[in-house]
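Pasted below: data_31.pdb, PDB, N, CA and C atoms and all ligand atoms.
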```
MODEL        1
ATOM      1  N   MET B   1      34.000  44.904 -19.461
ATOM      2  CA  MET B   1      35.030  45.253 -20.455
ATOM      3  C   MET B   1      36.305  44.440 -20.246
ATOM      4  N   HIS B   2      36.574  44.138 -19.007
ATOM      5  CA  HIS B   2      37.772  43.355 -18.695
ATOM      6  C   HIS B   2      37.759  42.026 -19.450
ATOM      7  N   GLU B   3      36.588  41.361 -19.455
ATOM      8  CA  GLU B   3      36.508  40.053 -20.104
ATOM      9  C   GLU B   3      36.703  40.144 -21.618
ATOM     10  N   LEU B   4      36.344  41.302 -22.215
ATOM     11  CA  LEU B   4      36.570  41.468 -23.650
ATOM     12  C   LEU B   4      38.066  41.439 -23.958
ATOM     13  N   SER B   5      38.862  42.136 -23.157
ATOM     14  CA  SER B   5      40.303  42.135 -23.429
ATOM     15  C   SER B   5      40.906  40.760 -23.125
ATOM     16  N   VAL B   6      40.355  40.068 -22.131
ATOM     17  CA  VAL B   6      40.824  38.710 -21.845
ATOM     18  C   VAL B   6      40.486  37.792 -23.023
ATOM     19  N   ALA B   7      39.255  37.948 -23.559
ATOM     20  CA  ALA B   7      38.833  37.124 -24.694
ATOM     21  C   ALA B   7      39.725  37.392 -25.907
ATOM     22  N   GLU B   8      40.075  38.657 -26.114
ATOM     23  CA  GLU B   8      40.943  38.987 -27.246
ATOM     24  C   GLU B   8      42.328  38.369 -27.080
ATOM     25  N   SER B   9      42.852  38.373 -25.850
ATOM     26  CA  SER B   9      44.183  37.791 -25.679
ATOM     27  C   SER B   9      44.133  36.269 -25.826
ATOM     28  N   ILE B  10      43.017  35.648 -25.435
ATOM     29  CA  ILE B  10      42.891  34.204 -25.666
ATOM     30  C   ILE B  10      42.858  33.914 -27.163
ATOM     31  N   TRP B  11      42.113  34.715 -27.897
ATOM     32  CA  TRP B  11      42.078  34.530 -29.354
ATOM     33  C   TRP B  11      43.457  34.726 -29.991
ATOM     34  N   ASN B  12      44.235  35.688 -29.452
ATOM     35  CA  ASN B  12      45.593  35.881 -29.961
ATOM     36  C   ASN B  12      46.432  34.623 -29.757
ATOM     37  N   ILE B  13      46.281  34.022 -28.582
ATOM     38  CA  ILE B  13      47.023  32.786 -28.294
ATOM     39  C   ILE B  13      46.582  31.678 -29.248
ATOM     40  N   LEU B  14      45.262  31.552 -29.450
ATOM     41  CA  LEU B  14      44.735  30.497 -30.324
ATOM     42  C   LEU B  14      45.240  30.689 -31.753
ATOM     43  N   GLU B  15      45.264  31.943 -32.210
ATOM     44  CA  GLU B  15      45.735  32.209 -33.575
ATOM     45  C   GLU B  15      47.226  31.911 -33.718
ATOM     46  N   ASP B  16      47.994  32.230 -32.673
ATOM     47  CA  ASP B  16      49.423  31.904 -32.686
ATOM     48  C   ASP B  16      49.628  30.394 -32.776
ATOM     49  N   GLU B  17      48.842  29.659 -31.981
ATOM     50  CA  GLU B  17      48.964  28.199 -31.972
ATOM     51  C   GLU B  17      48.604  27.623 -33.344
ATOM     52  N   LEU B  18      47.556  28.194 -33.959
ATOM     53  CA  LEU B  18      47.147  27.712 -35.280
ATOM     54  C   LEU B  18      48.234  27.985 -36.319
ATOM     55  N   LYS B  19      48.871  29.159 -36.204
ATOM     56  CA  LYS B  19      49.945  29.516 -37.133
ATOM     57  C   LYS B  19      51.075  28.500 -37.043
ATOM     58  N   LYS B  20      51.402  28.136 -35.784
ATOM     59  CA  LYS B  20      52.500  27.189 -35.550
ATOM     60  C   LYS B  20      52.267  25.864 -36.256
ATOM     61  N   ILE B  21      51.001  25.441 -36.320
ATOM     62  CA  ILE B  21      50.727  24.142 -36.935
ATOM     63  C   ILE B  21      50.228  24.299 -38.369
ATOM     64  N   GLY B  22      50.329  25.529 -38.902
ATOM     65  CA  GLY B  22      49.991  25.759 -40.302
ATOM     66  C   GLY B  22      48.501  25.898 -40.565
ATOM     67  N   GLY B  23      47.761  26.321 -39.564
ATOM     68  CA  GLY B  23      46.328  26.587 -39.729
ATOM     69  C   GLY B  23      45.469  25.368 -39.468
ATOM     70  N   GLY B  24      44.169  25.559 -39.548
ATOM     71  CA  GLY B  24      43.243  24.470 -39.277
ATOM     72  C   GLY B  24      41.964  25.017 -38.714
ATOM     73  N   LYS B  25      41.042  24.091 -38.469
ATOM     74  CA  LYS B  25      39.753  24.489 -37.928
ATOM     75  C   LYS B  25      39.710  24.148 -36.447
ATOM     76  N   LEU B  26      39.441  25.149 -35.652
ATOM     77  CA  LEU B  26      39.347  24.918 -34.210
ATOM     78  C   LEU B  26      38.048  24.199 -33.892
ATOM     79  N   LEU B  27      38.145  23.108 -33.121
ATOM     80  CA  LEU B  27      36.947  22.375 -32.714
ATOM     81  C   LEU B  27      36.555  22.698 -31.286
ATOM     82  N   SER B  28      37.514  22.572 -30.384
ATOM     83  CA  SER B  28      37.187  22.897 -29.006
ATOM     84  C   SER B  28      38.412  23.425 -28.272
ATOM     85  N   VAL B  29      38.140  24.240 -27.302
ATOM     86  CA  VAL B  29      39.191  24.837 -26.496
ATOM     87  C   VAL B  29      38.783  24.682 -25.038
ATOM     88  N   LYS B  30      39.709  24.153 -24.231
ATOM     89  CA  LYS B  30      39.427  24.007 -22.801
ATOM     90  C   LYS B  30      40.208  25.053 -22.021
ATOM     91  N   ILE B  31      39.492  25.759 -21.195
ATOM     92  CA  ILE B  31      40.105  26.843 -20.432
ATOM     93  C   ILE B  31      39.896  26.593 -18.940
ATOM     94  N   VAL B  32      40.978  26.735 -18.193
ATOM     95  CA  VAL B  32      40.904  26.556 -16.743
ATOM     96  C   VAL B  32      40.781  27.935 -16.088
ATOM     97  N   ILE B  33      39.764  28.088 -15.263
ATOM     98  CA  ILE B  33      39.522  29.374 -14.605
ATOM     99  C   ILE B  33      39.443  29.186 -13.096
ATOM    100  N   GLY B  34      40.397  29.724 -12.392
ATOM    101  CA  GLY B  34      40.372  29.698 -10.928
ATOM    102  C   GLY B  34      39.408  30.742 -10.403
ATOM    103  N   GLU B  35      38.815  30.404  -9.255
ATOM    104  CA  GLU B  35      37.822  31.302  -8.666
ATOM    105  C   GLU B  35      38.405  32.678  -8.324
ATOM    106  N   LEU B  36      39.696  32.716  -8.047
ATOM    107  CA  LEU B  36      40.331  33.976  -7.671
ATOM    108  C   LEU B  36      40.988  34.682  -8.840
ATOM    109  N   SER B  37      40.833  34.138 -10.061
ATOM    110  CA  SER B  37      41.520  34.725 -11.207
ATOM    111  C   SER B  37      40.923  36.067 -11.593
ATOM    112  N   GLY B  38      39.736  36.374 -11.095
ATOM    113  CA  GLY B  38      39.098  37.642 -11.429
ATOM    114  C   GLY B  38      38.347  37.594 -12.741
ATOM    115  N   VAL B  39      38.323  36.404 -13.390
ATOM    116  CA  VAL B  39      37.630  36.273 -14.663
ATOM    117  C   VAL B  39      36.209  35.752 -14.412
ATOM    118  N   VAL B  40      35.230  36.424 -14.972
ATOM    119  CA  VAL B  40      33.841  35.981 -14.862
ATOM    120  C   VAL B  40      33.555  35.055 -16.047
ATOM    121  N   PRO B  41      33.368  33.742 -15.770
ATOM    122  CA  PRO B  41      33.255  32.771 -16.870
ATOM    123  C   PRO B  41      32.139  33.097 -17.873
ATOM    124  N   ASP B  42      30.977  33.497 -17.401
ATOM    125  CA  ASP B  42      29.869  33.773 -18.314
ATOM    126  C   ASP B  42      30.180  34.926 -19.258
ATOM    127  N   ALA B  43      30.813  35.958 -18.716
ATOM    128  CA  ALA B  43      31.168  37.115 -19.536
ATOM    129  C   ALA B  43      32.260  36.740 -20.530
ATOM    130  N   LEU B  44      33.225  35.956 -20.072
ATOM    131  CA  LEU B  44      34.300  35.523 -20.967
ATOM    132  C   LEU B  44      33.730  34.683 -22.107
ATOM    133  N   ASP B  45      32.836  33.764 -21.767
ATOM    134  CA  ASP B  45      32.215  32.897 -22.763
ATOM    135  C   ASP B  45      31.471  33.735 -23.812
ATOM    136  N   PHE B  46      30.769  34.738 -23.360
ATOM    137  CA  PHE B  46      30.037  35.625 -24.259
ATOM    138  C   PHE B  46      30.986  36.267 -25.275
ATOM    139  N   TYR B  47      32.088  36.823 -24.805
ATOM    140  CA  TYR B  47      33.010  37.523 -25.698
ATOM    141  C   TYR B  47      33.788  36.562 -26.595
ATOM    142  N   LEU B  48      34.152  35.409 -26.047
ATOM    143  CA  LEU B  48      34.870  34.432 -26.881
ATOM    144  C   LEU B  48      33.999  34.012 -28.068
ATOM    145  N   ASN B  49      32.707  33.791 -27.791
ATOM    146  CA  ASN B  49      31.793  33.375 -28.851
ATOM    147  C   ASN B  49      31.451  34.519 -29.798
ATOM    148  N   LEU B  50      31.453  35.733 -29.253
ATOM    149  CA  LEU B  50      31.192  36.917 -30.069
ATOM    150  C   LEU B  50      32.277  37.084 -31.135
ATOM    151  N   LEU B  51      33.505  36.714 -30.781
ATOM    152  CA  LEU B  51      34.644  36.947 -31.671
ATOM    153  C   LEU B  51      34.876  35.819 -32.665
ATOM    154  N   LYS B  52      34.220  34.672 -32.479
ATOM    155  CA  LYS B  52      34.634  33.509 -33.270
ATOM    156  C   LYS B  52      34.306  33.628 -34.756
ATOM    157  N   ASP B  53      33.238  34.334 -35.100
ATOM    158  CA  ASP B  53      32.951  34.553 -36.520
ATOM    159  C   ASP B  53      33.993  35.466 -37.153
ATOM    160  N   ASP B  54      34.332  36.536 -36.424
ATOM    161  CA  ASP B  54      35.382  37.462 -36.879
ATOM    162  C   ASP B  54      36.689  36.721 -37.147
ATOM    163  N   LYS B  55      36.944  35.724 -36.337
ATOM    164  CA  LYS B  55      38.215  35.003 -36.425
ATOM    165  C   LYS B  55      38.141  33.869 -37.446
ATOM    166  N   GLY B  56      36.989  33.709 -38.065
ATOM    167  CA  GLY B  56      36.843  32.652 -39.065
ATOM    168  C   GLY B  56      36.808  31.258 -38.465
ATOM    169  N   GLN B  57      36.379  31.164 -37.188
ATOM    170  CA  GLN B  57      36.320  29.858 -36.515
ATOM    171  C   GLN B  57      34.928  29.670 -35.901
ATOM    172  N   PRO B  58      33.885  29.629 -36.743
ATOM    173  CA  PRO B  58      32.527  29.589 -36.185
ATOM    174  C   PRO B  58      32.179  28.275 -35.481
ATOM    175  N   ASP B  59      32.958  27.221 -35.703
ATOM    176  CA  ASP B  59      32.592  25.904 -35.161
ATOM    177  C   ASP B  59      33.194  25.588 -33.793
ATOM    178  N   VAL B  60      34.045  26.462 -33.323
ATOM    179  CA  VAL B  60      34.728  26.154 -32.063
ATOM    180  C   VAL B  60      33.757  26.261 -30.881
ATOM    181  N   THR B  61      33.909  25.324 -29.941
ATOM    182  CA  THR B  61      33.162  25.436 -28.687
ATOM    183  C   THR B  61      34.156  25.561 -27.534
ATOM    184  N   PHE B  62      33.782  26.316 -26.554
ATOM    185  CA  PHE B  62      34.659  26.564 -25.416
ATOM    186  C   PHE B  62      34.159  25.793 -24.202
ATOM    187  N   HIS B  63      35.101  25.192 -23.516
ATOM    188  CA  HIS B  63      34.770  24.439 -22.307
ATOM    189  C   HIS B  63      35.588  24.999 -21.155
ATOM    190  N   TYR B  64      34.989  25.009 -19.994
ATOM    191  CA  TYR B  64      35.648  25.637 -18.854
ATOM    192  C   TYR B  64      35.766  24.664 -17.696
ATOM    193  N   THR B  65      36.916  24.704 -17.077
ATOM    194  CA  THR B  65      37.116  23.959 -15.838
ATOM    195  C   THR B  65      37.274  24.983 -14.722
ATOM    196  N   HIS B  66      36.406  24.889 -13.752
ATOM    197  CA  HIS B  66      36.466  25.847 -12.653
ATOM    198  C   HIS B  66      37.286  25.273 -11.504
ATOM    199  N   VAL B  67      38.230  26.041 -11.031
ATOM    200  CA  VAL B  67      39.062  25.606  -9.917
ATOM    201  C   VAL B  67      38.681  26.412  -8.686
ATOM    202  N   PRO B  68      38.204  25.724  -7.638
ATOM    203  CA  PRO B  68      37.819  26.461  -6.425
ATOM    204  C   PRO B  68      39.035  26.978  -5.677
ATOM    205  N   VAL B  69      38.798  27.936  -4.848
ATOM    206  CA  VAL B  69      39.876  28.426  -3.989
ATOM    207  C   VAL B  69      40.194  27.349  -2.966
ATOM    208  N   LYS B  70      41.457  27.055  -2.815
ATOM    209  CA  LYS B  70      41.856  26.022  -1.869
ATOM    210  C   LYS B  70      42.961  26.571  -0.972
ATOM    211  N   PHE B  71      42.859  26.230   0.291
ATOM    212  CA  PHE B  71      43.842  26.716   1.250
ATOM    213  C   PHE B  71      44.595  25.544   1.874
ATOM    214  N   GLN B  72      45.799  25.862   2.345
ATOM    215  CA  GLN B  72      46.522  24.855   3.132
ATOM    216  C   GLN B  72      46.957  25.486   4.449
ATOM    217  N   CYS B  73      46.745  24.735   5.505
ATOM    218  CA  CYS B  73      47.122  25.203   6.834
ATOM    219  C   CYS B  73      48.623  25.009   7.043
ATOM    220  N   GLY B  74      49.283  26.070   7.519
ATOM    221  CA  GLY B  74      50.719  26.006   7.751
ATOM    222  C   GLY B  74      51.078  25.267   9.030
ATOM    223  N   SER B  75      50.094  25.067   9.902
ATOM    224  CA  SER B  75      50.375  24.397  11.176
ATOM    225  C   SER B  75      50.218  22.885  11.075
ATOM    226  N   CYS B  76      49.067  22.431  10.501
ATOM    227  CA  CYS B  76      48.823  20.990  10.487
ATOM    228  C   CYS B  76      48.832  20.400   9.076
ATOM    229  N   GLY B  77      48.947  21.264   8.043
ATOM    230  CA  GLY B  77      49.040  20.756   6.670
ATOM    231  C   GLY B  77      47.712  20.424   6.041
ATOM    232  N   HIS B  78      46.636  20.580   6.768
ATOM    233  CA  HIS B  78      45.290  20.297   6.265
ATOM    234  C   HIS B  78      44.978  21.208   5.070
ATOM    235  N   THR B  79      44.395  20.617   4.004
ATOM    236  CA  THR B  79      43.961  21.460   2.885
ATOM    237  C   THR B  79      42.440  21.514   2.887
ATOM    238  N   PHE B  80      41.908  22.668   2.524
ATOM    239  CA  PHE B  80      40.457  22.842   2.581
ATOM    240  C   PHE B  80      40.001  23.935   1.636
ATOM    241  N   THR B  81      38.719  23.853   1.276
ATOM    242  CA  THR B  81      38.117  24.904   0.456
ATOM    243  C   THR B  81      37.084  25.617   1.327
ATOM    244  N   VAL B  82      36.778  26.833   0.982
ATOM    245  CA  VAL B  82      35.765  27.574   1.732
ATOM    246  C   VAL B  82      34.774  28.167   0.749
ATOM    247  N   ASP B  83      33.530  28.276   1.200
ATOM    248  CA  ASP B  83      32.554  28.890   0.309
ATOM    249  C   ASP B  83      32.219  30.308   0.772
ATOM    250  N   ARG B  84      32.907  30.762   1.783
ATOM    251  CA  ARG B  84      32.781  32.163   2.184
ATOM    252  C   ARG B  84      34.134  32.566   2.757
ATOM    253  N   PRO B  85      34.424  33.866   2.779
ATOM    254  CA  PRO B  85      35.743  34.272   3.268
ATOM    255  C   PRO B  85      35.962  33.833   4.699
ATOM    256  N   MET B  86      36.944  33.004   4.907
ATOM    257  CA  MET B  86      37.266  32.516   6.242
ATOM    258  C   MET B  86      38.676  31.996   6.174
ATOM    259  N   PHE B  87      39.560  32.628   6.885
ATOM    260  CA  PHE B  87      40.954  32.298   6.691
ATOM    261  C   PHE B  87      41.592  31.647   7.906
ATOM    262  N   ALA B  88      40.846  30.706   8.486
ATOM    263  CA  ALA B  88      41.405  29.921   9.578
ATOM    264  C   ALA B  88      41.184  28.443   9.263
ATOM    265  N   CYS B  89      42.118  27.616   9.687
ATOM    266  CA  CYS B  89      42.036  26.187   9.412
ATOM    267  C   CYS B  89      40.873  25.562  10.193
ATOM    268  N   PRO B  90      39.961  24.866   9.494
ATOM    269  CA  PRO B  90      38.829  24.256  10.199
ATOM    270  C   PRO B  90      39.240  23.057  11.056
ATOM    271  N   GLN B  91      40.431  22.539  10.811
ATOM    272  CA  GLN B  91      40.861  21.356  11.567
ATOM    273  C   GLN B  91      41.535  21.719  12.881
ATOM    274  N   CYS B  92      42.437  22.726  12.839
ATOM    275  CA  CYS B  92      43.167  23.053  14.071
ATOM    276  C   CYS B  92      42.974  24.499  14.508
ATOM    277  N   GLY B  93      42.298  25.315  13.680
ATOM    278  CA  GLY B  93      42.003  26.679  14.094
ATOM    279  C   GLY B  93      43.124  27.676  13.821
ATOM    280  N   SER B  94      44.247  27.209  13.274
ATOM    281  CA  SER B  94      45.363  28.100  12.986
ATOM    282  C   SER B  94      44.986  29.118  11.901
ATOM    283  N   VAL B  95      45.521  30.328  12.013
ATOM    284  CA  VAL B  95      45.298  31.317  10.953
ATOM    285  C   VAL B  95      46.498  31.378  10.011
ATOM    286  N   ASP B  96      47.433  30.475  10.213
ATOM    287  CA  ASP B  96      48.605  30.391   9.330
ATOM    288  C   ASP B  96      48.236  29.559   8.101
ATOM    289  N   VAL B  97      47.421  30.148   7.219
ATOM    290  CA  VAL B  97      46.982  29.405   6.042
ATOM    291  C   VAL B  97      47.404  30.163   4.789
ATOM    292  N   LYS B  98      47.644  29.405   3.715
ATOM    293  CA  LYS B  98      47.995  30.056   2.458
ATOM    294  C   LYS B  98      47.130  29.504   1.334
ATOM    295  N   ILE B  99      46.955  30.318   0.319
ATOM    296  CA  ILE B  99      46.168  29.900  -0.839
ATOM    297  C   ILE B  99      47.020  28.997  -1.716
ATOM    298  N   ILE B 100      46.514  27.800  -2.027
ATOM    299  CA  ILE B 100      47.294  26.900  -2.883
ATOM    300  C   ILE B 100      46.646  26.684  -4.247
ATOM    301  N   SER B 101      45.384  27.066  -4.436
ATOM    302  CA  SER B 101      44.819  27.055  -5.779
ATOM    303  C   SER B 101      43.665  28.034  -5.845
ATOM    304  N   GLY B 102      43.304  28.387  -7.070
ATOM    305  CA  GLY B 102      42.218  29.333  -7.262
ATOM    306  C   GLY B 102      42.639  30.514  -8.126
ATOM    307  N   ASN B 103      43.974  30.689  -8.316
ATOM    308  CA  ASN B 103      44.469  31.778  -9.163
ATOM    309  C   ASN B 103      44.673  31.366 -10.615
ATOM    310  N   GLU B 104      44.401  30.100 -10.921
ATOM    311  CA  GLU B 104      44.683  29.568 -12.252
ATOM    312  C   GLU B 104      43.874  30.279 -13.342
ATOM    313  N   PHE B 105      44.529  30.480 -14.450
ATOM    314  CA  PHE B 105      43.799  30.920 -15.631
ATOM    315  C   PHE B 105      44.672  30.613 -16.839
ATOM    316  N   TYR B 106      44.331  29.574 -17.577
ATOM    317  CA  TYR B 106      45.136  29.203 -18.731
ATOM    318  C   TYR B 106      44.346  28.302 -19.670
ATOM    319  N   ILE B 107      44.868  28.172 -20.886
ATOM    320  CA  ILE B 107      44.265  27.279 -21.868
ATOM    321  C   ILE B 107      44.843  25.892 -21.637
ATOM    322  N   GLU B 108      43.971  24.939 -21.370
ATOM    323  CA  GLU B 108      44.430  23.600 -21.026
ATOM    324  C   GLU B 108      44.629  22.743 -22.270
ATOM    325  N   GLU B 109      43.729  22.892 -23.235
ATOM    326  CA  GLU B 109      43.754  21.989 -24.381
ATOM    327  C   GLU B 109      43.099  22.657 -25.585
ATOM    328  N   ILE B 110      43.684  22.429 -26.750
ATOM    329  CA  ILE B 110      43.101  22.955 -27.991
ATOM    330  C   ILE B 110      42.937  21.795 -28.960
ATOM    331  N   GLU B 111      41.737  21.635 -29.463
ATOM    332  CA  GLU B 111      41.485  20.568 -30.423
ATOM    333  C   GLU B 111      41.291  21.194 -31.810
ATOM    334  N   VAL B 112      42.072  20.728 -32.770
ATOM    335  CA  VAL B 112      42.049  21.287 -34.116
ATOM    336  C   VAL B 112      41.798  20.180 -35.121
ATOM    337  N   GLU B 113      41.059  20.506 -36.169
ATOM    338  CA  GLU B 113      40.803  19.518 -37.225
ATOM    339  C   GLU B 113      41.653  19.872 -38.443
TER
HETATM  340 ZN    ZN A 201      45.414  23.310  10.608
ENDMDL
END
```

For this file, write the structure as structure tokens.
Ligand SMILES: [Zn+2]
Amino acid sequence: MHELSVAESIWNILEDELKKIGGGKLLSVKIVIGELSGVVPDALDFYLNLLKDDKGQPDVTFHYTHVPVKFQCGSCGHTFTVDRPMFACPQCGSVDVKIISGNEFYIEEIEVE
């Protein structure tokens, strides 16, 4: 259900953008989704496509850019990604690490005809 409300808010943004330029036909929309954003891409894609007929934009296709979680070590500055929860720097072993990407969630590009 969460992805349905996310899909609706994306459509609201798209409709606002179309209004600003006086309408048009949406061709493609690029969305950036960070791994930590809490958005499930497959579910979001399902709802975005479910709504496109209702919105009168049956031709639009959605594209997604996935951003992995990335950390930076506060001790040595090393940046790294992990594929399982592990919050220590693989280079120096420090646990002084912070998340520097992975929370992203935004519309990157809208193509209109
Ligand atoms: Zn380090």

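When the PyMOL selection byres (((not hetatm)) within 8 of (chain A and resi 201)) is evaluated against the file, it yields Gln72, Cys73, Gly74, Ser75, Cys76, Gly77, His78, Thr79, Ala88, Cys89, Pro90, Gln91, Cys92, Gly93, Ser94, Val95, Asp96 and Val97 of chain B.
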
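Neighbouring residues of Glu3 (chain B) at 8 Å or closer, counting all atoms listed in the file and skipping chain neighbours under 5 positions away, are B:Glu8, B:Ser9, B:Gly38, B:Val39, B:Val40, B:Ala43, B:Leu44, B:Asp45, B:Phe46, B:Tyr47, B:Leu48.
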
Inset, instruction - Apply the PyMOL selection byres (((chain B and resi 66) around 7) and not hetatm) to the file shown and report the selected residues as a PyMOL selection string. - result: chain B and resi 31-35+64-65+67-68

Can you list, as a PDB file with N, CA and C atoms, in the coordinates of the input, all residues belonging to region 2-94 of chain B that DSSP tags as alpha helix (DSSP H)?
```pdb
ATOM      1  N   HIS B   2      36.574  44.138 -19.007  1.00  0.00           N
ATOM      2  CA  HIS B   2      37.772  43.355 -18.695  1.00  0.00           C
ATOM      3  C   HIS B   2      37.759  42.026 -19.450  1.00  0.00           C
ATOM      4  N   GLU B   3      36.588  41.361 -19.455  1.00  0.00           N
ATOM      5  CA  GLU B   3      36.508  40.053 -20.104  1.00  0.00           C
ATOM      6  C   GLU B   3      36.703  40.144 -21.618  1.00  0.00           C
ATOM      7  N   LEU B   4      36.344  41.302 -22.215  1.00  0.00           N
ATOM      8  CA  LEU B   4      36.570  41.468 -23.650  1.00  0.00           C
ATOM      9  C   LEU B   4      38.066  41.439 -23.958  1.00  0.00           C
ATOM     10  N   SER B   5      38.862  42.136 -23.157  1.00  0.00           N
ATOM     11  CA  SER B   5      40.303  42.135 -23.429  1.00  0.00           C
ATOM     12  C   SER B   5      40.906  40.760 -23.125  1.00  0.00           C
ATOM     13  N   VAL B   6      40.355  40.068 -22.131  1.00  0.00           N
ATOM     14  CA  VAL B   6      40.824  38.710 -21.845  1.00  0.00           C
ATOM     15  C   VAL B   6      40.486  37.792 -23.023  1.00  0.00           C
ATOM     16  N   ALA B   7      39.255  37.948 -23.559  1.00  0.00           N
ATOM     17  CA  ALA B   7      38.833  37.124 -24.694  1.00  0.00           C
ATOM     18  C   ALA B   7      39.725  37.392 -25.907  1.00  0.00           C
ATOM     19  N   GLU B   8      40.075  38.657 -26.114  1.00  0.00           N
ATOM     20  CA  GLU B   8      40.943  38.987 -27.246  1.00  0.00           C
ATOM     21  C   GLU B   8      42.328  38.369 -27.080  1.00  0.00           C
ATOM     22  N   SER B   9      42.852  38.373 -25.850  1.00  0.00           N
ATOM     23  CA  SER B   9      44.183  37.791 -25.679  1.00  0.00           C
ATOM     24  C   SER B   9      44.133  36.269 -25.826  1.00  0.00           C
ATOM     25  N   ILE B  10      43.017  35.648 -25.435  1.00  0.00           N
ATOM     26  CA  ILE B  10      42.891  34.204 -25.666  1.00  0.00           C
ATOM     27  C   ILE B  10      42.858  33.914 -27.163  1.00  0.00           C
ATOM     28  N   TRP B  11      42.113  34.715 -27.897  1.00  0.00           N
ATOM     29  CA  TRP B  11      42.078  34.530 -29.354  1.00  0.00           C
ATOM     30  C   TRP B  11      43.457  34.726 -29.991  1.00  0.00           C
ATOM     31  N   ASN B  12      44.235  35.688 -29.452  1.00  0.00           N
ATOM     32  CA  ASN B  12      45.593  35.881 -29.961  1.00  0.00           C
ATOM     33  C   ASN B  12      46.432  34.623 -29.757  1.00  0.00           C
ATOM     34  N   ILE B  13      46.281  34.022 -28.582  1.00  0.00           N
ATOM     35  CA  ILE B  13      47.023  32.786 -28.294  1.00  0.00           C
ATOM     36  C   ILE B  13      46.582  31.678 -29.248  1.00  0.00           C
ATOM     37  N   LEU B  14      45.262  31.552 -29.450  1.00  0.00           N
ATOM     38  CA  LEU B  14      44.735  30.497 -30.324  1.00  0.00           C
ATOM     39  C   LEU B  14      45.240  30.689 -31.753  1.00  0.00           C
ATOM     40  N   GLU B  15      45.264  31.943 -32.210  1.00  0.00           N
ATOM     41  CA  GLU B  15      45.735  32.209 -33.575  1.00  0.00           C
ATOM     42  C   GLU B  15      47.226  31.911 -33.718  1.00  0.00           C
ATOM     43  N   ASP B  16      47.994  32.230 -32.673  1.00  0.00           N
ATOM     44  CA  ASP B  16      49.423  31.904 -32.686  1.00  0.00           C
ATOM     45  C   ASP B  16      49.628  30.394 -32.776  1.00  0.00           C
ATOM     46  N   GLU B  17      48.842  29.659 -31.981  1.00  0.00           N
ATOM     47  CA  GLU B  17      48.964  28.199 -31.972  1.00  0.00           C
ATOM     48  C   GLU B  17      48.604  27.623 -33.344  1.00  0.00           C
ATOM     49  N   LEU B  18      47.556  28.194 -33.959  1.00  0.00           N
ATOM     50  CA  LEU B  18      47.147  27.712 -35.280  1.00  0.00           C
ATOM     51  C   LEU B  18      48.234  27.985 -36.319  1.00  0.00           C
ATOM     52  N   LYS B  19      48.871  29.159 -36.204  1.00  0.00           N
ATOM     53  CA  LYS B  19      49.945  29.516 -37.133  1.00  0.00           C
ATOM     54  C   LYS B  19      51.075  28.500 -37.043  1.00  0.00           C
ATOM     55  N   LYS B  20      51.402  28.136 -35.784  1.00  0.00           N
ATOM     56  CA  LYS B  20      52.500  27.189 -35.550  1.00  0.00           C
ATOM     57  C   LYS B  20      52.267  25.864 -36.256  1.00  0.00           C
ATOM     58  N   PRO B  41      33.368  33.742 -15.770  1.00  0.00           N
ATOM     59  CA  PRO B  41      33.255  32.771 -16.870  1.00  0.00           C
ATOM     60  C   PRO B  41      32.139  33.097 -17.873  1.00  0.00           C
ATOM     61  N   ASP B  42      30.977  33.497 -17.401  1.00  0.00           N
ATOM     62  CA  ASP B  42      29.869  33.773 -18.314  1.00  0.00           C
ATOM     63  C   ASP B  42      30.180  34.926 -19.258  1.00  0.00           C
ATOM     64  N   ALA B  43      30.813  35.958 -18.716  1.00  0.00           N
ATOM     65  CA  ALA B  43      31.168  37.115 -19.536  1.00  0.00           C
ATOM     66  C   ALA B  43      32.260  36.740 -20.530  1.00  0.00           C
ATOM     67  N   LEU B  44      33.225  35.956 -20.072  1.00  0.00           N
ATOM     68  CA  LEU B  44      34.300  35.523 -20.967  1.00  0.00           C
ATOM     69  C   LEU B  44      33.730  34.683 -22.107  1.00  0.00           C
ATOM     70  N   ASP B  45      32.836  33.764 -21.767  1.00  0.00           N
ATOM     71  CA  ASP B  45      32.215  32.897 -22.763  1.00  0.00           C
ATOM     72  C   ASP B  45      31.471  33.735 -23.812  1.00  0.00           C
ATOM     73  N   PHE B  46      30.769  34.738 -23.360  1.00  0.00           N
ATOM     74  CA  PHE B  46      30.037  35.625 -24.259  1.00  0.00           C
ATOM     75  C   PHE B  46      30.986  36.267 -25.275  1.00  0.00           C
ATOM     76  N   TYR B  47      32.088  36.823 -24.805  1.00  0.00           N
ATOM     77  CA  TYR B  47      33.010  37.523 -25.698  1.00  0.00           C
ATOM     78  C   TYR B  47      33.788  36.562 -26.595  1.00  0.00           C
ATOM     79  N   LEU B  48      34.152  35.409 -26.047  1.00  0.00           N
ATOM     80  CA  LEU B  48      34.870  34.432 -26.881  1.00  0.00           C
ATOM     81  C   LEU B  48      33.999  34.012 -28.068  1.00  0.00           C
ATOM     82  N   ASN B  49      32.707  33.791 -27.791  1.00  0.00           N
ATOM     83  CA  ASN B  49      31.793  33.375 -28.851  1.00  0.00           C
ATOM     84  C   ASN B  49      31.451  34.519 -29.798  1.00  0.00           C
ATOM     85  N   LEU B  50      31.453  35.733 -29.253  1.00  0.00           N
ATOM     86  CA  LEU B  50      31.192  36.917 -30.069  1.00  0.00           C
ATOM     87  C   LEU B  50      32.277  37.084 -31.135  1.00  0.00           C
ATOM     88  N   LEU B  51      33.505  36.714 -30.781  1.00  0.00           N
ATOM     89  CA  LEU B  51      34.644  36.947 -31.671  1.00  0.00           C
ATOM     90  C   LEU B  51      34.876  35.819 -32.665  1.00  0.00           C
TER      91      LEU B  51
END
```

Legend entry - Contacts of region 26-28 of chain B at 6 Å (only N, CA and C atoms; same-chain gap of 5+ positions) as a PyMOL selection string: chain B and resi 57+59-62+109-113

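Shortest separation to Lys70 (chain B) among B:Gly23, B:Leu14, B:Val29, B:Ile100 occurs at residue B:Ile100, atoms counted being all atoms listed in the file.
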
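Across the model, the gap from atom N of Leu50 (chain B) to atom C of Asn12 (chain B) is 15.0 Å.
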
Inset, instruction - Tell me, in Å to one decimal, how far atom C of Ser101 (chain B) is from atom C of Asp83 (chain B). - result: 13.4 Å
